[in-house]
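Chemist: I'm passing along input34.csv; it holds CSV, C-alpha atoms and all ligand atoms.
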```
chain,number,residue,atom,x,y,z
A,236,MET,CA,-44.4,3.9,17.9
A,237,ARG,CA,-40.8,3.3,18.8
A,238,LYS,CA,-38.3,5.6,17.2
A,239,ASP,CA,-36.2,3.9,14.6
A,240,GLU,CA,-32.7,4.0,16.1
A,241,ARG,CA,-31.0,2.2,13.2
A,242,LEU,CA,-28.3,4.1,11.5
A,243,PRO,CA,-29.3,5.3,8.0
A,244,VAL,CA,-26.6,4.1,5.6
A,245,ALA,CA,-26.1,4.6,1.8
A,246,LEU,CA,-24.8,1.9,-0.5
A,247,ILE,CA,-22.8,3.0,-3.5
A,248,GLY,CA,-22.4,0.3,-6.2
A,249,ALA,CA,-25.2,-2.2,-6.6
A,250,GLY,CA,-23.5,-4.8,-8.9
A,251,HIS,CA,-22.6,-8.3,-7.8
A,252,TRP,CA,-21.4,-7.6,-4.2
A,253,GLY,CA,-23.4,-4.4,-3.2
A,254,PRO,CA,-26.7,-6.3,-2.6
A,255,PHE,CA,-25.0,-8.6,-0.2
A,256,LEU,CA,-23.6,-5.6,1.7
A,257,ALA,CA,-27.0,-4.0,1.8
A,258,ARG,CA,-28.7,-7.1,3.1
A,259,SER,CA,-26.0,-7.7,5.7
A,260,LEU,CA,-26.1,-4.1,6.9
A,261,GLU,CA,-29.8,-4.4,7.6
A,262,GLN,CA,-29.5,-7.9,9.1
A,263,THR,CA,-27.3,-6.4,11.9
A,264,GLY,CA,-30.5,-4.7,13.1
A,265,LYS,CA,-28.2,-1.7,13.6
A,266,ALA,CA,-28.6,0.0,10.2
A,267,ARG,CA,-31.2,0.7,7.6
A,268,LEU,CA,-30.6,1.2,3.9
A,269,ALA,CA,-31.6,4.8,3.2
A,270,TRP,CA,-30.1,5.2,-0.3
A,271,VAL,CA,-28.7,3.1,-3.2
A,272,CYS,CA,-26.5,4.8,-5.8
A,273,ASP,CA,-25.4,3.2,-9.0
A,274,ARG,CA,-24.5,4.5,-12.4
A,275,ASP,CA,-27.1,2.0,-13.7
A,276,PRO,CA,-30.5,3.1,-12.3
A,277,GLU,CA,-32.1,-0.3,-12.8
A,278,ARG,CA,-29.5,-2.0,-10.6
A,279,ALA,CA,-30.0,0.6,-7.9
A,280,GLN,CA,-33.8,0.1,-8.1
A,281,ARG,CA,-33.5,-3.7,-7.9
A,282,VAL,CA,-31.7,-3.4,-4.6
A,283,ALA,CA,-33.9,-0.6,-3.3
A,284,ASP,CA,-37.0,-2.7,-4.0
A,285,ARG,CA,-35.8,-5.2,-1.4
A,286,HIS,CA,-35.6,-2.6,1.4
A,287,VAL,CA,-38.2,-0.4,3.0
A,288,ASP,CA,-38.1,3.4,2.4
A,289,CYS,CA,-34.9,3.2,0.3
A,290,ARG,CA,-34.3,5.9,-2.3
A,291,THR,CA,-32.2,5.6,-5.4
A,292,THR,CA,-29.9,7.9,-7.4
A,293,THR,CA,-27.3,7.8,-10.1
A,294,ASP,CA,-25.6,10.8,-8.6
A,295,LEU,CA,-23.5,10.4,-5.5
A,296,GLN,CA,-24.0,14.1,-4.7
A,297,ASP,CA,-27.7,13.4,-3.8
A,298,ILE,CA,-26.4,11.3,-0.9
A,299,LEU,CA,-23.8,13.7,0.2
A,300,ASP,CA,-26.5,16.4,0.3
A,301,ASP,CA,-28.6,14.3,2.7
A,302,ARG,CA,-27.3,15.2,6.1
A,303,VAL,CA,-29.3,12.4,7.7
A,304,VAL,CA,-27.0,9.8,6.1
A,305,THR,CA,-23.7,9.8,8.0
A,306,ALA,CA,-22.2,6.5,6.8
A,307,VAL,CA,-21.8,4.9,3.4
A,308,ALA,CA,-20.7,1.6,2.1
A,309,VAL,CA,-18.8,1.6,-1.2
A,310,ALA,CA,-19.0,-1.5,-3.5
A,311,THR,CA,-18.0,-0.1,-6.8
A,312,PRO,CA,-15.1,-1.5,-8.8
A,313,ALA,CA,-11.7,-1.1,-7.1
A,314,ASN,CA,-10.4,1.5,-9.6
A,315,THR,CA,-13.2,3.9,-8.6
A,316,HIS,CA,-12.7,3.7,-4.8
A,317,GLN,CA,-10.2,6.5,-4.6
A,318,GLU,CA,-12.5,9.1,-6.1
A,319,ILE,CA,-15.7,8.0,-4.4
A,320,VAL,CA,-14.2,7.4,-1.0
A,321,THR,CA,-12.4,10.8,-1.2
A,322,ARG,CA,-15.7,12.6,-1.9
A,323,CYS,CA,-17.5,10.8,0.9
A,324,LEU,CA,-14.8,11.5,3.5
A,325,GLU,CA,-14.5,15.1,2.4
A,326,ALA,CA,-18.2,15.4,2.9
A,327,GLY,CA,-17.8,14.2,6.4
A,328,ARG,CA,-19.2,10.6,6.0
A,329,HIS,CA,-17.9,7.5,7.7
A,330,VAL,CA,-16.9,5.0,5.0
A,331,LEU,CA,-16.9,1.2,4.7
A,332,ALA,CA,-14.9,0.6,1.5
A,333,GLU,CA,-14.8,-2.7,-0.3
A,334,LYS,CA,-11.4,-4.3,-0.8
A,335,PRO,CA,-8.9,-3.4,-2.1
A,336,LEU,CA,-9.0,0.1,-0.6
A,337,THR,CA,-7.5,1.5,-3.8
A,338,THR,CA,-5.2,0.2,-6.5
A,339,ASP,CA,-2.1,2.0,-5.4
A,340,ALA,CA,-0.5,2.8,-2.0
A,341,ALA,CA,-0.1,6.5,-2.5
A,342,SER,CA,-3.9,7.0,-3.0
A,343,SER,CA,-4.7,4.7,-0.1
A,344,ARG,CA,-2.3,6.7,2.2
A,345,LYS,CA,-4.2,9.9,1.2
A,346,LEU,CA,-7.5,8.3,2.2
A,347,VAL,CA,-6.1,7.2,5.5
A,348,GLU,CA,-4.8,10.7,6.2
A,349,LEU,CA,-8.1,12.3,5.1
A,350,ALA,CA,-10.1,10.1,7.4
A,351,ARG,CA,-7.8,10.9,10.3
A,352,ARG,CA,-7.9,14.7,9.6
A,353,ASN,CA,-11.7,14.6,9.4
A,354,ASN,CA,-12.0,12.3,12.3
A,355,ARG,CA,-14.1,9.8,10.3
A,356,VAL,CA,-14.2,6.0,10.4
A,357,LEU,CA,-12.5,4.5,7.4
A,358,MET,CA,-12.9,0.7,7.3
A,359,VAL,CA,-12.0,-1.7,4.5
A,360,GLY,CA,-14.2,-4.8,3.8
A,361,HIS,CA,-11.5,-7.4,4.5
A,362,VAL,CA,-14.4,-9.8,5.4
A,363,PHE,CA,-12.3,-12.8,6.3
A,364,GLU,CA,-11.0,-11.0,9.4
A,365,TYR,CA,-14.6,-11.2,10.7
A,366,ASN,CA,-14.9,-14.9,9.9
A,367,ALA,CA,-15.2,-16.9,13.1
A,368,SER,CA,-13.3,-19.9,11.8
A,369,ILE,CA,-10.4,-17.7,10.7
A,370,ARG,CA,-10.4,-16.4,14.2
A,371,GLY,CA,-10.4,-20.0,15.4
A,372,LEU,CA,-7.3,-20.7,13.2
A,373,LYS,CA,-5.6,-17.6,14.6
A,374,GLU,CA,-6.2,-18.9,18.2
A,375,ILE,CA,-4.6,-22.2,17.3
A,376,ILE,CA,-1.6,-20.4,15.9
A,377,ASP,CA,-1.4,-18.0,18.8
A,378,ASN,CA,-1.6,-20.6,21.5
A,379,GLY,CA,1.5,-22.4,20.0
A,380,GLU,CA,-0.3,-25.7,19.3
A,381,LEU,CA,1.4,-25.9,15.9
A,382,GLY,CA,4.8,-25.2,17.2
A,383,GLU,CA,7.2,-23.1,15.1
A,384,LEU,CA,5.4,-22.1,11.9
A,385,PHE,CA,7.2,-23.5,8.8
A,386,TYR,CA,4.9,-22.4,6.0
A,387,LEU,CA,1.4,-21.3,5.1
A,388,ASN,CA,-0.2,-22.2,1.8
A,389,PHE,CA,-3.3,-20.3,0.5
A,390,GLU,CA,-5.5,-21.6,-2.3
A,391,ARG,CA,-8.2,-19.4,-3.7
A,392,THR,CA,-9.4,-20.7,-7.0
A,393,ASN,CA,-12.7,-21.1,-9.0
A,394,LEU,CA,-14.0,-21.0,-12.6
A,395,GLY,CA,-14.9,-17.3,-12.7
A,396,PRO,CA,-16.1,-14.7,-11.9
A,397,VAL,CA,-13.8,-13.3,-14.6
A,398,ARG,CA,-12.9,-9.6,-14.0
A,399,LEU,CA,-11.5,-7.1,-16.4
A,400,ASP,CA,-10.9,-4.1,-14.1
A,401,VAL,CA,-8.3,-5.7,-11.8
A,402,ASN,CA,-6.3,-9.0,-12.0
A,403,ALA,CA,-6.5,-12.0,-9.7
A,404,LEU,CA,-3.8,-10.5,-7.5
A,405,TRP,CA,-5.9,-7.5,-6.6
A,406,ASP,CA,-9.2,-9.2,-6.8
A,407,LEU,CA,-8.5,-12.5,-5.0
A,408,ALA,CA,-5.1,-12.5,-3.4
A,409,THR,CA,-5.8,-9.3,-1.5
A,410,HIS,CA,-8.1,-11.4,0.7
A,411,ASP,CA,-5.3,-13.8,1.5
A,412,ILE,CA,-2.8,-11.0,2.1
A,413,SER,CA,-5.3,-9.6,4.7
A,414,ILE,CA,-5.8,-13.0,6.3
A,415,LEU,CA,-2.0,-13.6,6.4
A,416,ARG,CA,-1.4,-10.2,8.1
A,417,TYR,CA,-4.3,-11.0,10.5
A,418,LEU,CA,-3.0,-14.5,11.4
A,419,LEU,CA,0.6,-13.6,11.9
A,420,GLY,CA,0.1,-10.0,13.2
A,421,LYS,CA,2.9,-8.8,10.9
A,422,ASP,CA,3.8,-7.9,7.4
A,423,PRO,CA,6.0,-9.8,5.0
A,424,VAL,CA,9.4,-8.3,4.3
A,425,ASP,CA,9.5,-9.2,0.7
A,426,VAL,CA,7.3,-10.7,-2.0
A,427,SER,CA,7.6,-12.3,-5.4
A,428,CYS,CA,4.8,-13.0,-7.8
A,429,VAL,CA,4.4,-14.7,-11.2
A,430,GLY,CA,1.2,-14.9,-13.2
A,431,ARG,CA,-0.3,-15.1,-16.6
A,432,ASP,CA,-3.1,-13.5,-18.6
A,433,PHE,CA,-4.4,-16.6,-20.3
A,434,LEU,CA,-7.9,-15.1,-20.9
A,435,HIS,CA,-7.6,-11.3,-21.4
A,436,GLU,CA,-4.3,-9.6,-22.4
A,437,GLY,CA,-3.0,-7.5,-19.5
A,438,VAL,CA,-5.3,-9.0,-16.8
A,439,GLU,CA,-3.6,-11.9,-15.0
A,440,ASP,CA,-6.2,-14.5,-14.2
A,441,THR,CA,-3.7,-16.8,-12.5
A,442,VAL,CA,-1.1,-15.7,-10.0
A,443,PHE,CA,1.3,-17.4,-7.6
A,444,LEU,CA,2.5,-15.1,-4.9
A,445,ASN,CA,5.3,-15.8,-2.4
A,446,LEU,CA,5.6,-13.8,0.8
A,447,GLY,CA,8.7,-13.9,2.8
A,448,PHE,CA,9.1,-13.2,6.5
A,449,GLY,CA,12.9,-13.3,6.7
A,450,GLU,CA,15.2,-16.3,7.3
A,451,ASP,CA,13.7,-17.0,10.7
A,452,GLY,CA,10.1,-16.5,9.7
A,453,PRO,CA,7.6,-18.8,7.9
A,454,MET,CA,7.2,-19.0,4.2
A,455,ALA,CA,3.8,-18.2,2.7
A,456,GLN,CA,2.4,-18.8,-0.7
A,457,VAL,CA,-0.9,-17.8,-2.4
A,458,HIS,CA,-2.3,-19.4,-5.5
A,459,ALA,CA,-5.2,-17.2,-6.8
A,460,SER,CA,-7.0,-17.9,-10.0
A,461,TRP,CA,-10.5,-17.6,-11.6
A,462,LEU,CA,-9.4,-20.1,-14.3
A,463,ASN,CA,-9.6,-23.4,-12.4
A,464,PRO,CA,-12.0,-26.3,-12.4
A,465,ARG,CA,-12.5,-26.3,-8.6
A,466,LYS,CA,-13.7,-23.7,-6.2
A,467,VAL,CA,-11.2,-23.9,-3.4
A,468,ARG,CA,-10.8,-21.7,-0.3
A,469,GLN,CA,-8.2,-23.3,1.8
A,470,ILE,CA,-5.2,-22.5,4.0
A,471,THR,CA,-2.7,-25.1,5.1
A,472,VAL,CA,-0.5,-24.2,8.0
A,473,VAL,CA,2.5,-26.4,8.6
A,474,GLY,CA,4.2,-26.2,12.0
A,475,SER,CA,7.0,-28.1,13.7
A,476,ARG,CA,4.5,-29.9,16.0
A,477,LYS,CA,1.2,-30.0,14.2
A,478,MET,CA,-0.5,-28.9,11.0
A,479,ALA,CA,-3.8,-27.3,10.3
A,480,VAL,CA,-6.1,-27.0,7.3
A,481,TRP,CA,-8.8,-24.4,7.1
A,482,ASP,CA,-11.5,-25.0,4.5
A,483,ASP,CA,-14.0,-22.2,4.1
A,484,LEU,CA,-16.3,-24.5,2.1
A,485,ASN,CA,-16.5,-27.2,4.8
A,486,LEU,CA,-19.2,-25.6,6.9
A,487,LYS,CA,-19.4,-28.4,9.4
A,488,ALA,CA,-15.7,-28.7,10.1
A,489,PRO,CA,-13.8,-25.7,8.7
A,490,ILE,CA,-10.6,-26.5,10.7
A,491,LYS,CA,-8.8,-29.8,10.8
A,492,LEU,CA,-5.9,-30.2,13.1
A,493,TYR,CA,-3.4,-32.9,12.2
A,494,ASP,CA,-1.1,-34.3,14.9
A,495,LYS,CA,1.5,-35.0,12.2
A,496,ARG,CA,5.1,-34.0,11.9
A,497,VAL,CA,8.5,-35.3,10.8
A,498,GLU,CA,11.0,-35.6,13.6
A,499,ALA,CA,14.5,-35.3,12.4
A,500,ASP,CA,17.2,-36.5,14.7
A,501,ARG,CA,20.8,-35.7,13.8
A,502,PRO,CA,23.1,-37.5,16.2
A,503,ALA,CA,26.5,-36.1,17.2
A,504,GLY,CA,29.3,-36.7,14.7
A,505,ASP,CA,27.2,-35.5,11.8
A,506,ASP,CA,27.2,-39.0,10.4
A,507,PHE,CA,24.9,-38.9,7.4
A,508,ILE,CA,24.0,-42.6,7.7
A,509,ALA,CA,22.9,-42.2,11.3
A,510,TYR,CA,20.7,-39.3,10.3
A,511,LYS,CA,17.2,-40.4,11.2
A,512,THR,CA,13.8,-39.0,10.4
A,513,SER,CA,10.6,-40.5,11.8
A,514,ILE,CA,7.1,-39.8,10.6
A,515,VAL,CA,4.8,-39.0,13.5
A,516,ASP,CA,1.1,-39.6,12.6
A,517,GLY,CA,-1.2,-39.0,15.5
A,518,GLY,CA,-4.2,-38.6,13.3
A,519,MET,CA,-6.6,-35.8,12.6
A,520,PHE,CA,-9.0,-33.9,14.9
A,521,ALA,CA,-11.6,-31.4,13.9
A,522,PRO,CA,-12.0,-29.0,16.8
A,523,SER,CA,-15.4,-27.5,17.2
A,524,VAL,CA,-15.2,-23.9,16.0
A,525,ARG,CA,-17.8,-21.2,16.1
A,526,THR,CA,-19.2,-20.3,12.7
A,527,ASN,CA,-20.9,-17.0,11.8
A,528,GLN,CA,-22.0,-14.7,9.0
A,529,PRO,CA,-18.7,-12.9,8.4
A,530,LEU,CA,-20.2,-10.1,6.3
A,531,GLU,CA,-22.9,-9.4,8.9
A,532,ALA,CA,-20.2,-9.3,11.6
A,533,GLU,CA,-18.1,-6.9,9.4
A,534,CYS,CA,-21.1,-4.6,9.0
A,535,ALA,CA,-22.0,-4.7,12.7
A,536,HIS,CA,-18.4,-3.8,13.5
A,537,PHE,CA,-18.6,-0.9,11.1
A,538,ILE,CA,-21.8,0.5,12.7
A,539,ASP,CA,-20.4,0.0,16.2
A,540,CYS,CA,-17.2,2.0,15.2
A,541,VAL,CA,-19.3,4.8,13.7
A,542,ARG,CA,-21.4,5.0,16.9
A,543,THR,CA,-18.5,4.8,19.3
A,544,GLY,CA,-15.7,6.4,17.3
A,545,GLY,CA,-13.8,3.1,17.7
A,546,ARG,CA,-11.0,2.0,15.5
A,547,PRO,CA,-12.0,-0.8,13.1
A,548,LEU,CA,-10.0,-4.1,13.0
A,549,SER,CA,-9.7,-3.7,9.3
A,550,ASP,CA,-9.2,0.1,9.3
A,551,GLY,CA,-7.9,2.2,6.5
A,552,TYR,CA,-4.4,1.7,7.7
A,553,SER,CA,-4.5,-2.0,7.4
A,554,GLY,CA,-6.2,-1.6,4.0
A,555,LEU,CA,-3.2,0.6,3.1
A,556,ARG,CA,-0.8,-2.2,4.2
A,557,VAL,CA,-2.6,-4.7,2.1
A,558,VAL,CA,-2.4,-2.4,-0.9
A,559,THR,CA,1.3,-1.7,-0.3
A,560,ILE,CA,2.0,-5.5,-0.3
A,561,ALA,CA,-0.1,-6.0,-3.5
A,562,GLU,CA,1.6,-3.1,-5.2
A,563,CYS,CA,5.0,-4.7,-4.5
A,564,ALA,CA,3.6,-8.0,-5.8
A,565,GLN,CA,2.4,-6.2,-9.0
A,566,ARG,CA,5.9,-4.8,-9.5
A,567,SER,CA,7.3,-8.3,-9.1
A,568,LEU,CA,4.8,-9.7,-11.6
A,569,ALA,CA,6.0,-7.1,-14.1
A,570,GLU,CA,9.6,-8.2,-13.4
A,571,ASN,CA,9.0,-12.0,-13.9
A,572,GLY,CA,8.9,-12.8,-10.2
A,573,ALA,CA,11.8,-10.7,-9.0
A,574,ARG,CA,11.9,-10.4,-5.2
A,575,VAL,CA,10.6,-7.0,-4.2
A,576,PRO,CA,11.1,-5.7,-0.7
A,577,VAL,CA,8.0,-4.5,1.1
A,578,PRO,CA,8.5,-1.0,2.6
A,579,PRO,CA,8.0,-1.2,6.3
A,580,ALA,CA,5.3,0.8,8.0
A,581,MET,CA,6.3,4.4,8.6
A,582,PRO,CA,6.8,5.3,12.3
A,583,GLY,CA,3.6,6.7,13.7
A,584,GLU,CA,1.7,5.6,10.6
A,585,SER,CA,-0.3,2.9,12.4
A,586,GLY,CA,-3.5,3.7,14.2
A,587,GLY,CA,-6.4,5.9,13.3
A,588,GLY,CA,-8.1,6.1,9.9
B,1,LIG,N1,-15.5,-8.9,0.2
B,1,LIG,C1,-15.7,-9.8,-0.8
B,1,LIG,O1,-15.7,-11.0,-0.6
B,1,LIG,C2,-16.1,-9.2,-2.2
B,1,LIG,C3,-16.7,-10.0,-3.1
B,1,LIG,C4,-16.9,-9.5,-4.4
B,1,LIG,C5,-16.6,-8.2,-4.7
B,1,LIG,N2,-16.0,-7.4,-3.7
B,1,LIG,C6,-15.6,-6.0,-4.0
B,1,LIG,O2,-16.7,-5.2,-4.2
B,1,LIG,C7,-16.4,-4.2,-5.1
B,1,LIG,C8,-17.5,-4.3,-6.3
B,1,LIG,O3,-17.3,-5.6,-6.9
B,1,LIG,P1,-18.5,-6.2,-7.7
B,1,LIG,O4,-18.1,-7.6,-8.0
B,1,LIG,O5,-19.8,-6.0,-7.1
B,1,LIG,O6,-18.4,-5.3,-9.1
B,1,LIG,P2,-19.6,-5.1,-10.1
B,1,LIG,O7,-18.9,-4.6,-11.4
B,1,LIG,O8,-20.5,-6.3,-10.2
B,1,LIG,O9,-20.5,-3.9,-9.5
B,1,LIG,C9,-20.0,-2.6,-9.4
B,1,LIG,C10,-21.2,-1.7,-9.5
B,1,LIG,O10,-20.7,-0.3,-9.3
B,1,LIG,C11,-21.4,0.5,-10.3
B,1,LIG,N3,-20.5,1.7,-10.4
B,1,LIG,C12,-19.4,1.8,-11.1
B,1,LIG,N4,-18.9,3.0,-11.0
B,1,LIG,C13,-19.8,3.8,-10.3
B,1,LIG,C14,-19.8,5.1,-9.8
B,1,LIG,N5,-18.8,5.9,-10.1
B,1,LIG,N6,-20.9,5.5,-9.1
B,1,LIG,C15,-21.9,4.6,-8.8
B,1,LIG,N7,-21.9,3.3,-9.2
B,1,LIG,C16,-20.8,2.9,-9.9
B,1,LIG,C17,-21.6,-0.3,-11.5
B,1,LIG,O11,-22.6,0.2,-12.3
B,1,LIG,C18,-21.9,-1.7,-10.9
B,1,LIG,O12,-23.3,-1.9,-10.7
B,1,LIG,C19,-15.0,-4.4,-5.6
B,1,LIG,O13,-14.1,-3.6,-4.8
B,1,LIG,C20,-14.7,-5.9,-5.2
B,1,LIG,O14,-13.4,-6.2,-5.0
B,1,LIG,C21,-15.7,-7.9,-2.5
```
Can you present the structure in this file as structure tokens?
Ligand SMILES: NC(=O)c1ccc[n+]([C@@H]2O[C@H](COP(=O)([O-])OP(=O)(O)OC[C@H]3O[C@@H](n4cnc5c(N)ncnc54)[C@H](O)[C@@H]3O)[C@@H](O)[C@H]2O)c1

Modeler:
Amino acid sequence: MRKDERLPVALIGAGHWGPFLARSLEQTGKARLAWVCDRDPERAQRVADRHVDCRTTTDLQDILDDRVVTAVAVATPANTHQEIVTRCLEAGRHVLAEKPLTTDAASSRKLVELARRNNRVLMVGHVFEYNASIRGLKEIIDNGELGELFYLNFERTNLGPVRLDVNALWDLATHDISILRYLLGKDPVDVSCVGRDFLHEGVEDTVFLNLGFGEDGPMAQVHASWLNPRKVRQITVVGSRKMAVWDDLNLKAPIKLYDKRVEADRPAGDDFIAYKTSIVDGGMFAPSVRTNQPLEAECAHFIDCVRTGGRPLSDGYSGLRVVTIAECAQRSLAENGARVPVPPAMPGESGGG
């Protein structure tokens, strides 16, 4: 019989998202689920039942005592990540942590440093960075087809799932912050955010987040809410030459490219009457883009990084930057939308972890 060369991996957290992670890890063909840990033994058992030779526990220490398991995936609520990921890294495990890495920048920074010190892979499950159509959109932006970028609008709405542990900014908008960083390859310089807790006091279910890239950079806005009649996962990118719309729910044509723009012509003399604008409408084209299973691609990337010691695309450091931006947005939210500067990355901070 051939030796099983798949990497034994443990899943911590078997609620809504954990089972998808478990399935995707095994679908890569590169990993096998060796353990499931959940505070609720029935949930752990339900997931384990779908995998061969998978043990269950309610005590993380059982997994950390098993030297065969070198990598773990953490899918517990965001406010538990700091403690669980710390224990796993201290015990020498490679970690794939669900987003957001933690709920404050100081603790995320500690995790990044711990991973670097212990020479372990720390990856954050910013799954959209592994989405082939998001990569297609990035190619369109990078090859200059849209011209100068004017603004990006993100919409992430649905009716539920309602969360009580974190608000829509941390639960939903962190996806868009990671996509925005990925698309533009840079961080915003400031943010402002307003939102309301219509359903549960103290937990904003609806937020509007503005991200600034300076006077010469594009504007970006995120609308995130679990209190909305429509499930929408869309990004509109408006450039000086063309415009693009990405729609995650349109499986056949996730990207639409619009040859549309407004040409403004201001003749010499600054005569207001002579000021002309013309609408250019060259129609819409849906480029063929590759589609994939983003979560499976994310899991495969994690296993590859564990095996090779490579640095993940969505490494702990990029997770820290997302948390830093979200933290600034949270401060703005508390100050009724005040503009909050985003601290720049510290020199030497990027890379590793
Ligand atoms: N990438 C994505 O698209 C995506 C989608 C959904 C959720 N998530 C993320 O996944 C994480 C989990 O979200 P969820 O919706 O599955 O939450 P959930 O509440 O449905 O499940 C969390 C599970 O963790 C267990 N748990 C809590 N504390 C624990 C501990 N200390 N030890 C062991 N088990 C513990 C709970 O019993 C529960 O079963 C969050 O970070 C969330 O942001 C990511």

Chemist: Restricting the calculation to all atoms listed in the file: of A:Ala279, A:Leu568, A:Leu492, A:Val359, which residue gets closest to Gly517 of chain A?

Modeler: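 For Gly517 of chain A, the nearest of the given residues is A:Leu492.
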
Chemist: Would you mind telling me which residue in A:Ala308, A:Ala326, A:Ala313, A:Val480 lies nearest to Leu372 of chain A when using only C-alpha atoms?

Modeler: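 Looking at the shortest contact to Leu372 of chain A, the residue is A:Val480.
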
Chemist: When you count only C-alpha atoms and all ligand atoms, which of these residues is closest to ligand LIG 1 (chain B): A:Thr526, A:Asn402, A:Thr559, A:Asn388?

Modeler: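 Ranking A:Thr526, A:Asn402, A:Thr559, A:Asn388 by distance to ligand LIG 1 (chain B), first place goes to A:Asn402.
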
Chemist: Once you count all atoms listed in the file, which residues end up within 10 Å of ligand LIG 1 (chain B), and could you hand them over as a PyMOL selection string?

Modeler: chain A and resi 246-256+271-279+292-295+309-316+318-319+332-338+359-363+396-401+405-407+409-410+529-530+533

Chemist: Using only C-alpha atoms, which residue out of A:Asn527, A:Ser460, A:Ser549, A:Thr512 lies closest to Lys487 of chain A?

Modeler: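 Among A:Asn527, A:Ser460, A:Ser549, A:Thr512, it is A:Asn527 that comes nearest to Lys487 of chain A.
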
Chemist: If we count all atoms listed in the file and set the cut-off at 8 Å, which residues sit around Ile560 of chain A, ignoring sequence neighbours fewer than 2 positions away in its own chain? Please answer as a PyMOL selection string.

Modeler: chain A and resi 412+423+426+556-558+562-564+577

Chemist: Now that the selection is made, can you save its residues with C-alpha atoms as a PDB file, in the frame of the given file?

Modeler:
```pdb
ATOM      1  CA  ILE A 412      -2.800 -11.000   2.100  1.00  0.00           C
ATOM      2  CA  PRO A 423       6.000  -9.800   5.000  1.00  0.00           C
ATOM      3  CA  VAL A 426       7.300 -10.700  -2.000  1.00  0.00           C
ATOM      4  CA  ARG A 556      -0.800  -2.200   4.200  1.00  0.00           C
ATOM      5  CA  VAL A 557      -2.600  -4.700   2.100  1.00  0.00           C
ATOM      6  CA  VAL A 558      -2.400  -2.400  -0.900  1.00  0.00           C
ATOM      7  CA  GLU A 562       1.600  -3.100  -5.200  1.00  0.00           C
ATOM      8  CA  CYS A 563       5.000  -4.700  -4.500  1.00  0.00           C
ATOM      9  CA  ALA A 564       3.600  -8.000  -5.800  1.00  0.00           C
ATOM     10  CA  VAL A 577       8.000  -4.500   1.100  1.00  0.00           C
TER      11      VAL A 577
END
```

Chemist: Mind checking which residues fall within 10 Å of Ala245 of chain A, counting only C-alpha atoms, ignoring those fewer than 2 positions away in the same chain, and posting them as a list in words?

Modeler: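 Answer for this query is Leu242, Pro243, Ile247, Gly248, Ala257, Ala266, Arg267, Leu268, Ala269, Trp270, Val271, Cys272, Cys289, Arg290, Thr291, Leu295, Ile298, Leu299, Val304, Thr305, Ala306, Val307, Ala308, Val309 and Val330 of chain A.
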
Chemist: Hey, can you check how far atom CA of Phe448 of chain A sits from atom CA of Phe385 of chain A?

Modeler: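 Atom CA of Phe448 of chain A sits 10.7 Å away from atom CA of Phe385 of chain A.
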
Chemist: Would you mind listing what lies within 10 Å of Pro464 of chain A as an MDAnalysis selection string, with only C-alpha atoms counted and same-chain residues fewer than 3 positions away left out?

Modeler: chainID A and resid 392:395 461 467

Chemist: Applying 10 Å and all atoms listed in the file, which residues near Gly264 of chain A remain after dropping the ones on its own chain fewer than 4 positions away? List them as a PDB file with C-alpha atoms, in the frame of the given file.

Modeler:
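part-v3.pdb written:
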```
ATOM      1  CA  GLU A 240     -32.700   4.000  16.100  1.00  0.00           C
ATOM      2  CA  ARG A 241     -31.000   2.200  13.200  1.00  0.00           C
ATOM      3  CA  LEU A 242     -28.300   4.100  11.500  1.00  0.00           C
ATOM      4  CA  SER A 259     -26.000  -7.700   5.700  1.00  0.00           C
ATOM      5  CA  LEU A 260     -26.100  -4.100   6.900  1.00  0.00           C
ATOM      6  CA  GLU A 531     -22.900  -9.400   8.900  1.00  0.00           C
ATOM      7  CA  ALA A 535     -22.000  -4.700  12.700  1.00  0.00           C
TER       8      ALA A 535
END
```

Chemist: Measure the distance from atom CA of Glu498 of chain A to atom CA of Gly420 of chain A in Å and round it to one decimal.

Modeler: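 According to the coordinates, atom CA of Glu498 of chain A and atom CA of Gly420 of chain A are separated by 27.8 Å.
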
Chemist: May I ask for the distance between atom CA of Arg351 of chain A and atom CA of Asp301 of chain A, given in Å to one decimal place?

Modeler: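 One can read the atom CA of Arg351 of chain A to atom CA of Asp301 of chain A distance as 22.4 Å.
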
Chemist: Of the candidates A:Gln280, A:Ser567, A:Thr543, A:Gln528, which shows the shortest atom-to-atom distance to Cys428 of chain A, using only C-alpha atoms?

Modeler: A:Ser567

Chemist: Which is closer to Asp425 of chain A than all the others in A:Val575, A:Val244, A:Arg370, A:Ile470, using all atoms listed in the file?

Modeler: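 Using all atoms listed in the file, Asp425 of chain A sits closest to A:Val575.
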